[in-house]
Amino acid sequence: METARSATKELRLRAILDAATELLVEKPTASLNEIAEYAGIGIATLHRYVTSREQLMLQLGLRAAQVVEETISRIPLDEESSETYISQLVEALIPLGDKIYFLAHETSLNYNPEMSAAEEKLKEPIHHMIQSLQRKGHFRQDMSSEWILNVLYSLLFVTWQQVHEGNVAKKSAAALVLETLYHGFKASKL
């Protein structure tokens, strides 16, 4: 019975965090009262899950990292599929735009050791695959794998910012990220 109760509580916390992320992407200064109202709960219920805005922000960041990590873990991480890994990754992450946007814009998370550790953990498989793609000659070897990873990460962040601002259509976002990553801005020669 206790396991069912804690599973229900975990599901409710996830729903609250997902609603809070959605609201904070649109209104970053939303109060805890507004967040509770948007999540369809009372402020007292919200306080049973988080005691402060700072704790809420950390929970939101960790939830975003968890969702991204779960998504990444479903992409095959083997040498045979390495050539399609980056496109699968981008296609899988584009629908998580609110989580990615939140991670990029919530500055209170930048110096939190727990959040930094969660971000590093979710970057590990991507970093590994980038190194594999470099060894196979699909990515340049004269650039560090760390640089390529950070460019990809930054492209995802800026793409979602542009989607959020209405400058890029959500349907074309993944193709734009991949085209920019693989070909940059250089015009093709006629």
# chains A, B, ... in the order shown; residues from 1 in each chain; ligands from 1

$ residues_around --residues "A:Ala174" --least-positions-apart "4" --cutoff "7 Å" --atoms "only C-alpha atoms" --output "short mmCIF file (atom, residue, chain, number, x, y, z; two decimals) with C-alpha atoms, in the first residue's frame"
data_model
loop_
_atom_site.label_atom_id
_atom_site.label_comp_id
_atom_site.auth_asym_id
_atom_site.auth_seq_id
_atom_site.Cartn_x
_atom_site.Cartn_y
_atom_site.Cartn_z
CA VAL A 90 17.55 15.97 -32.36
CA GLU A 91 14.21 14.55 -33.55
CA ILE A 94 12.62 18.81 -30.28
CA LEU A 178 20.76 19.29 -38.31
#

$ residues_around --residues "A:Gln134" --least-positions-apart "2" --cutoff "12 Å" --atoms "only C-alpha atoms" --output "PyMOL selection string"
chain A and resi 82-83+127-132+136-146+148-149

$ closest_residue --among "A:Ile43, A:Tyr101, A:Val68, A:Thr8" --to "A:Leu24" --atoms "only C-alpha atoms"
A:Tyr101

$ residues_around --residues "A:Tyr153" --least-positions-apart "3" --cutoff "12 Å" --atoms "only C-alpha atoms" --output "list in words"
Ile86, Leu89, Val90, Leu93, Ile94, Ile100, Tyr101, Leu103, Ala104, Glu119, Glu120, Leu122, Lys123, Ile126, His127, Glu146, Trp147, Ile148, Leu149, Asn150, Leu156, Phe157, Val158, Thr159, Trp160, Val177, Leu178 and Leu181 of chain A

$ residues_around --residues "A:Ala15" --least-positions-apart "5" --cutoff "10 Å" --atoms "only C-alpha atoms" --output "MDAnalysis selection string"
chainID A and resid 9:10 20:21 39:40

$ write_last_selection --atoms "N, CA, C and O atoms" --output "PDB file, in the first residue's frame"
ATOM      1  N   LYS A   9       2.045   9.795  -5.350  1.00  0.00           N
ATOM      2  CA  LYS A   9       2.636  11.078  -4.979  1.00  0.00           C
ATOM      3  C   LYS A   9       3.681  11.518  -6.011  1.00  0.00           C
ATOM      4  O   LYS A   9       3.736  12.692  -6.391  1.00  0.00           O
ATOM      5  N   GLU A  10       4.481  10.581  -6.496  1.00  0.00           N
ATOM      6  CA  GLU A  10       5.495  10.888  -7.511  1.00  0.00           C
ATOM      7  C   GLU A  10       4.833  11.341  -8.809  1.00  0.00           C
ATOM      8  O   GLU A  10       5.286  12.299  -9.443  1.00  0.00           O
ATOM      9  N   ALA A  20       4.140  23.571 -13.981  1.00  0.00           N
ATOM     10  CA  ALA A  20       4.950  24.728 -13.590  1.00  0.00           C
ATOM     11  C   ALA A  20       5.926  25.110 -14.696  1.00  0.00           C
ATOM     12  O   ALA A  20       6.098  26.307 -14.996  1.00  0.00           O
ATOM     13  N   THR A  21       6.547  24.120 -15.318  1.00  0.00           N
ATOM     14  CA  THR A  21       7.475  24.403 -16.421  1.00  0.00           C
ATOM     15  C   THR A  21       6.749  25.108 -17.554  1.00  0.00           C
ATOM     16  O   THR A  21       7.219  26.111 -18.087  1.00  0.00           O
ATOM     17  N   ALA A  39      -1.472  24.670 -11.987  1.00  0.00           N
ATOM     18  CA  ALA A  39      -1.383  23.205 -11.841  1.00  0.00           C
ATOM     19  C   ALA A  39      -2.696  22.604 -11.347  1.00  0.00           C
ATOM     20  O   ALA A  39      -2.825  21.380 -11.255  1.00  0.00           O
ATOM     21  N   GLY A  40      -3.663  23.463 -10.994  1.00  0.00           N
ATOM     22  CA  GLY A  40      -4.963  22.981 -10.541  1.00  0.00           C
ATOM     23  C   GLY A  40      -4.960  22.478  -9.113  1.00  0.00           C
ATOM     24  O   GLY A  40      -5.736  21.590  -8.755  1.00  0.00           O
TER      25      GLY A  40
END
